[in-house]
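One structure is given below, encoded as structure tokens.
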Protein chains: 2
Amino acid sequence: MPIVSTTNGPRRVTIDDVARLTGVSRQTVSRAINDKPQIDSATKQRILTAAKELGYRPSRFARGMVRQSTTTLGLVIADVLNPFFPEVVAGVLEAADARGWHVVIYTTASELSKEREVAETVVDHVDACVAFMLDSAAITRVAGSGMPFVLLGNEDRPTQLSTVRIDFDSGIRQAFDHLVAKGHRNIAMIDDRDRAKSGAPDIRSGLFTAVAAEYGLRIEPHWRQPSSNSIQGGAAAMERLLETAPEVTAVVSYNDMIAIGAMRHARARGLAVPGDRAFVGFDGLALGELVDPPLTTLHIDKRRLGQAAVEQAAAQMPGGGGMADTLIRTQLVVRDST
Amino acid sequence: MPIVSTTNGPRRVTIDDVARLTGVSRQTVSRAINDKPQIDSATKQRILTAAKELGYRPSRFARGMVRQSTTTLGLVIADVLNPFFPEVVAGVLEAADARGWHVVIYTTASELSKEREVAETVVDHVDACVAFMLDSAAITRVAGSGMPFVLLGNEDRPTQLSTVRIDFDSGIRQAFDHLVAKGHRNIAMIDDRDRAKSGAPDIRSGLFTAVAAEYGLRIEPHWRQPSSNSIQGGAAAMERLLETAPEVTAVVSYNDMIAIGAMRHARARGLAVPGDRAFVGFDGLALGELVDPPLTTLHIDKRRLGQAAVEQAAAQMPGGGGMADTLIRTQLVVRDST
DNA sequence: CTGAAAGCGCTAACAC
DNA sequence: GTGTTAGCGCTTTCAG
């Protein structure tokens with residue numbers, strides 16, 4: 001019994017253990033494991049059996065070191081349960097798969113502290129990163145690590161990073177054009193609370209006010225309600241709107257989830273949609289055409305967003321084209337909520 | 001000019017490159033990079049600057065080799081766009097995060113060949129795997145690799161693997177109880193086509209027939225329609241049902257997506273729901289309460305499914321409890337579609 | 001067909 | 001504070 005014993009848990013079983021047990025050299029084991037041609041099939045069998053018995057598993061790291069490594073992409077999103085993200089993820093997965101990249105997924109719940117934590121983890125564990133992030137420190141941490149980095153959906157932040165952003169400006173204009181044509185004059189907005197919290201300048205709210213002014217529309221401060229990013233949040237915000245701003249006849253929301261919550265709440269309160277209140281969402285979720293009434297929305301191609309992000313990450317790898325930006329345009333999809 | 005030049009692309013910049021440039025030892029660079037205490041802060045700055053300039057990034061693999069490695073979980077699902085999976089993913093992410101595990105996500109589109117391909121990739125790149133898989137070869141490949149493996153949602157396959165499965169048996173009984181109590185006698189089922197394709201014995205269809213028999217209900221073969229796993233698929237299956245089996249008054253579907261497609265199609269055809277046709281789904285997606293009419297469904301705790309899977313994978317790691325199984329019970333949620 | 005030597009890029013342990 | 005010496009576990013030469 002040795003005086004000192006490593007406490008590293010049950011020590012990893014290595015290729016040498018298998019070699020020892022089988023009485024062959026390490027290389028021969030390697031050949032067997034990797035299915036190389038030059039090996040006697042009997043020896044191979046013997047080795048494979050021994051390996052299985054010992055529970056031998058090659059070390060990813062040792063292999064990665066010696067082989068030309070696979071590239072792993074970190075994908076940072078707020079929350080898989082928000083239906084916006086799965087579509088982006090699908091695009092990322094597709095584009096990553098096409099390049100033979102692996103993708104590790106991290107969620108932040110849009111919490112700034114969690115974003116920082118994820119940033120810390122990411123820099124150590126992936127080769128490139130595409131991220132929905134709001135926190136400056138987190139963004140700086142990842143971008144500053146030197147790895148290819150693409151910032152997603154953060155329209156508020158002026159930056160010299162590679163980004164994929166959504167053209168809110170033209171989106172809001174499309175919404176106003178549509179609503180004004182329908183005769184609305186008192187238009188409210190339900191915005192995302194989390195963006196405001198991030199401390200970044202809120203371009204969207206400003207945009208909303210500016211565009212309203214362009215159209216010569218009145219716009220009261222309390223016509224802009226913040227909301228958590230969910231159906232419940234939208235409903236709560238709508239409740240506030242109903243109480244404090246009954247004169248409003250149309251509301252445009254930060255996204256479809258919020259819009260759906262707001263719309264349902266209006267209905268639950270006995271209001272007709274679009275008769276008493278009209279609603280326009282933002283995102284163009286599949287969900288929007290399933291609800292009642294189907295939601296008018298500013299559709300964005302979320303899948304393409306994901307693909308573009310991966311392409312831009314790839315462009316930052318040695319030999320790529322370098323930094324790039326993509327602006328995703330919105331498309332107004334008129335359904336029955338307006 | 002050398003006669004031979006390595007074509008390995010732009011050779012990786014290593015810690016030694018930084019050391020050379022800075023005129024210090026490799027170790028000192030390491031200290032600077034890893035923010036270790038015993039280093040002169042001036043030297044540190046100099047090194048960090050040089051590192052950034054060279055674009056130096058530590059190798060994940062070399063680090064992983066020398067440090068005690070992080071564990072990476074492979075998560076194999078069919079498709080992120082199917083709202084069933086994001087909920088599972090959320091559970092997996094949550095449980096994995098709690099253990100400090102990273103999760104790499106792979107999708108198969110339920111295609112058997114893709115499953116095999118993913119299996120091949122997975123065994124080389126992760127330390128444990130939880131997977132929705134139908135293909136025997138793929139399952140065997142991963143399970144046989146010796147890594148902790150948990151098979152998900154594959155109720156049809158008798159197996160001695162660690163699994164998390166859904167209690168379809170009691171689910172179908174709950175559906176029948178409910179439907180029969182509502183006076184239905186001619187009950188159809190829309191099943192998932194992909195499961196049938198997998199060649200595994202289809203327990204669910206058998207179950208459906210068996211339970212119908214128990215209730216003394218007539219059941220025609222064409223009352224069981226296969227469907228692709230989507231709203232469109234459900235609609236198409238419903239169309240067939242309407243044409244070939246007008247006597248059916250209630251339909252239970254393999255999942256909510258299919259049920260929603262079927263229900264909407266019935267409505268589009270001018271039928272009243274639940275008046276003319278009743279619908280019960282399976283899964284309990286959030287979506288189900290948003291559609292019109294809200295869908296009666298057999299709810300399953302998908303998040304817990306994901307968590308359970310991770311726990312079972314952990315149990316298979318050295319020092320864990322070993323193999324385990326979880327059976328997830330369904331809960332009937334009655335809404336307005338019945 | 002098999003083995004021996006070398007080294008992937010890094011950090012831990014110990015010198016200085 | 002900093003450098004030196006050893007490996008981590010594997011695959012890739014290259015010899016036999």
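Residue numbering restarts at 1 for every chain of the structure tokens, chains are lettered A, B, ... in their displayed order, and ligands are numbered from 1 as they appear.
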Residues of chain C at most 8 Å from chain B: nearest atom pair and distance in Å, only C-alpha atoms (C1' of nucleotides), as a Markdown table:
| residue | atom | partner | partner_atom | distance |
| --- | --- | --- | --- | --- |
| C:DG9 | C1' | B:Ala62 | CA | 5.0 |
| C:DC10 | C1' | B:Ala62 | CA | 5.0 |
| C:DT11 | C1' | B:Val66 | CA | 6.3 |
Put those residues in a file: N, CA, C and O atoms (P, O5', C5', C4', C3', O3' and C1' of nucleotides), as a tab-separated table (two decimals), in the first residue's frame.
chain	number	residue	atom	x	y	z
C	9	DG	P	1.61	23.34	-31.56
C	9	DG	O5'	1.12	23.89	-30.15
C	9	DG	C5'	-0.25	23.83	-29.83
C	9	DG	C4'	-0.38	24.02	-28.34
C	9	DG	C3'	0.35	25.25	-27.80
C	9	DG	O3'	-0.64	26.05	-27.18
C	9	DG	C1'	0.80	23.35	-26.47
C	10	DC	P	-0.25	27.27	-26.24
C	10	DC	O5'	-0.19	26.58	-24.81
C	10	DC	C5'	-1.42	26.30	-24.17
C	10	DC	C4'	-1.20	25.36	-23.02
C	10	DC	C3'	-0.71	26.03	-21.74
C	10	DC	O3'	-1.85	26.38	-20.95
C	10	DC	C1'	0.33	23.91	-22.15
C	11	DT	P	-1.59	27.39	-19.74
C	11	DT	O5'	-1.15	26.37	-18.59
C	11	DT	C5'	-2.08	25.40	-18.15
C	11	DT	C4'	-1.42	24.50	-17.16
C	11	DT	C3'	-1.01	25.18	-15.86
C	11	DT	O3'	-1.29	24.24	-14.84
C	11	DT	C1'	0.85	24.12	-16.79
Q: Excluding DA4 of chain C and residues on its chain fewer than 5 positions from it, collect all residues at most 10 Å away from it, counting only C-alpha atoms (C1' of nucleotides), and give them as a PyMOL selection string.
A: (chain A and resi 25+27) or (chain D and resi 14-16)
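In chain D, the set of residues within 12 Å of chain A (atoms considered: only C-alpha atoms (C1' of nucleotides)) is DC8, DG9, DC10, DT11, DT12 and DT13 of chain D.
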Q: Output as a PyMOL selection string the set of chain B residues within 6 Å of chain A, with distances taken over only C-alpha atoms.
A: chain B and resi 61+64-65+80-81+86+103-104+290-291
Using all heavy atoms, can you write the selected residues to a file as a compact mmCIF listing (two decimals), in the first residue's frame?
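Saved result, out.txt, follows:
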# COMPACT_ATOMS: atom_id res chain seq x y z
N PHE B 61 -7.16 22.53 -26.14
CA PHE B 61 -6.82 21.12 -25.99
C PHE B 61 -5.64 20.94 -25.05
O PHE B 61 -5.66 20.10 -24.16
CB PHE B 61 -6.56 20.50 -27.35
CG PHE B 61 -7.77 20.54 -28.22
CD1 PHE B 61 -7.86 21.42 -29.28
CD2 PHE B 61 -8.85 19.71 -27.95
CE1 PHE B 61 -9.00 21.46 -30.08
CE2 PHE B 61 -9.99 19.74 -28.74
CZ PHE B 61 -10.06 20.62 -29.81
N GLY B 64 -6.86 21.60 -21.69
CA GLY B 64 -7.72 20.53 -21.21
C GLY B 64 -6.90 19.33 -20.78
O GLY B 64 -7.23 18.63 -19.83
N MET B 65 -5.80 19.13 -21.49
CA MET B 65 -4.99 17.97 -21.20
C MET B 65 -4.33 18.07 -19.85
O MET B 65 -4.25 17.10 -19.11
CB MET B 65 -3.90 17.84 -22.24
CG MET B 65 -3.99 16.51 -22.87
SD MET B 65 -2.79 16.30 -24.10
CE MET B 65 -1.63 15.39 -23.15
N VAL B 80 -34.74 21.84 -33.52
CA VAL B 80 -35.05 22.94 -32.59
C VAL B 80 -36.35 23.64 -32.90
O VAL B 80 -36.91 24.30 -32.03
CB VAL B 80 -34.02 24.09 -32.58
CG1 VAL B 80 -33.29 24.15 -31.30
CG2 VAL B 80 -33.14 24.07 -33.78
N LEU B 81 -36.80 23.54 -34.11
CA LEU B 81 -37.99 24.30 -34.49
C LEU B 81 -39.27 23.65 -34.00
O LEU B 81 -40.32 24.29 -33.94
CB LEU B 81 -38.04 24.50 -36.01
CG LEU B 81 -36.91 25.38 -36.53
CD1 LEU B 81 -37.01 25.52 -38.04
CD2 LEU B 81 -36.97 26.74 -35.87
N PRO B 86 -37.28 22.63 -27.50
CA PRO B 86 -36.73 23.71 -26.68
C PRO B 86 -37.00 23.52 -25.19
O PRO B 86 -36.15 23.84 -24.36
CB PRO B 86 -37.44 24.95 -27.22
CG PRO B 86 -37.66 24.63 -28.65
CD PRO B 86 -37.97 23.16 -28.68
N VAL B 103 -22.78 22.05 -22.99
CA VAL B 103 -23.57 21.18 -23.84
C VAL B 103 -23.48 21.55 -25.31
O VAL B 103 -23.66 22.70 -25.70
CB VAL B 103 -25.03 20.97 -23.33
CG1 VAL B 103 -25.35 21.78 -22.12
CG2 VAL B 103 -26.04 21.12 -24.41
N VAL B 104 -23.15 20.55 -26.09
CA VAL B 104 -23.05 20.69 -27.54
C VAL B 104 -24.33 20.10 -28.13
O VAL B 104 -24.75 19.02 -27.74
CB VAL B 104 -21.87 19.92 -28.11
CG1 VAL B 104 -21.69 20.25 -29.58
CG2 VAL B 104 -20.61 20.25 -27.36
N LEU B 290 -52.77 28.78 -26.67
CA LEU B 290 -52.86 30.01 -27.44
C LEU B 290 -53.75 29.85 -28.67
O LEU B 290 -54.26 30.82 -29.21
CB LEU B 290 -51.45 30.42 -27.90
CG LEU B 290 -50.68 31.45 -27.09
CD1 LEU B 290 -51.16 31.55 -25.66
CD2 LEU B 290 -49.20 31.15 -27.14
N VAL B 291 -53.90 28.63 -29.12
CA VAL B 291 -54.68 28.42 -30.33
C VAL B 291 -56.17 28.46 -30.02
O VAL B 291 -56.59 28.47 -28.87
CB VAL B 291 -54.34 27.07 -31.00
CG1 VAL B 291 -52.91 27.08 -31.47
CG2 VAL B 291 -54.61 25.91 -30.06
Q.
Can you measure atom CA of Asp192 of chain B to atom CA of Asn255 of chain B for me? One decimal in Å is fine.
A.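 One can read the atom CA of Asp192 of chain B to atom CA of Asn255 of chain B distance as 8.2 Å.
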Q | Picked from segment 116-200 of chain A by DSSP as alpha helix (DSSP H), as a ChimeraX atom specification | A | /A:116-125,136-144,168-181,193-197
With C-alpha atoms retained, export the selected residues as a short mmCIF file (atom, residue, chain, number, x, y, z; two decimals), in the first residue's frame.
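File out_14.cif, as written:
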data_model
loop_
_atom_site.label_atom_id
_atom_site.label_comp_id
_atom_site.auth_asym_id
_atom_site.auth_seq_id
_atom_site.Cartn_x
_atom_site.Cartn_y
_atom_site.Cartn_z
CA ARG A 116 -20.56 38.08 -17.68
CA GLU A 117 -20.27 34.62 -16.26
CA VAL A 118 -20.95 33.07 -19.63
CA ALA A 119 -18.43 35.38 -21.24
CA GLU A 120 -15.82 34.13 -18.83
CA THR A 121 -16.61 30.53 -19.65
CA VAL A 122 -16.86 31.03 -23.35
CA VAL A 123 -13.43 32.57 -23.84
CA ASP A 124 -11.88 29.43 -22.42
CA HIS A 125 -13.92 26.85 -24.20
CA SER A 136 -20.78 45.87 -22.04
CA ALA A 137 -18.35 44.04 -19.81
CA ALA A 138 -19.41 40.69 -21.17
CA ILE A 139 -19.17 41.87 -24.74
CA THR A 140 -15.78 43.39 -24.17
CA ARG A 141 -14.53 40.28 -22.45
CA VAL A 142 -15.34 38.01 -25.36
CA ALA A 143 -14.47 40.43 -28.10
CA GLY A 144 -11.23 41.28 -26.35
CA PHE A 168 -35.78 48.54 -36.59
CA ASP A 169 -35.87 51.89 -38.22
CA SER A 170 -37.49 50.74 -41.41
CA GLY A 171 -39.58 48.27 -39.40
CA ILE A 172 -41.13 50.94 -37.24
CA ARG A 173 -41.83 53.01 -40.32
CA GLN A 174 -43.60 50.11 -41.97
CA ALA A 175 -45.72 49.69 -38.89
CA PHE A 176 -46.65 53.36 -38.79
CA ASP A 177 -47.42 53.49 -42.49
CA HIS A 178 -49.75 50.59 -42.09
CA LEU A 179 -51.43 51.78 -38.92
CA VAL A 180 -51.86 55.34 -40.10
CA ALA A 181 -53.35 54.10 -43.36
CA ARG A 193 -37.76 46.01 -20.26
CA ASP A 194 -34.49 44.06 -20.34
CA ARG A 195 -33.00 46.21 -23.05
CA ALA A 196 -33.69 49.30 -21.03
CA LYS A 197 -32.01 47.74 -18.01
#
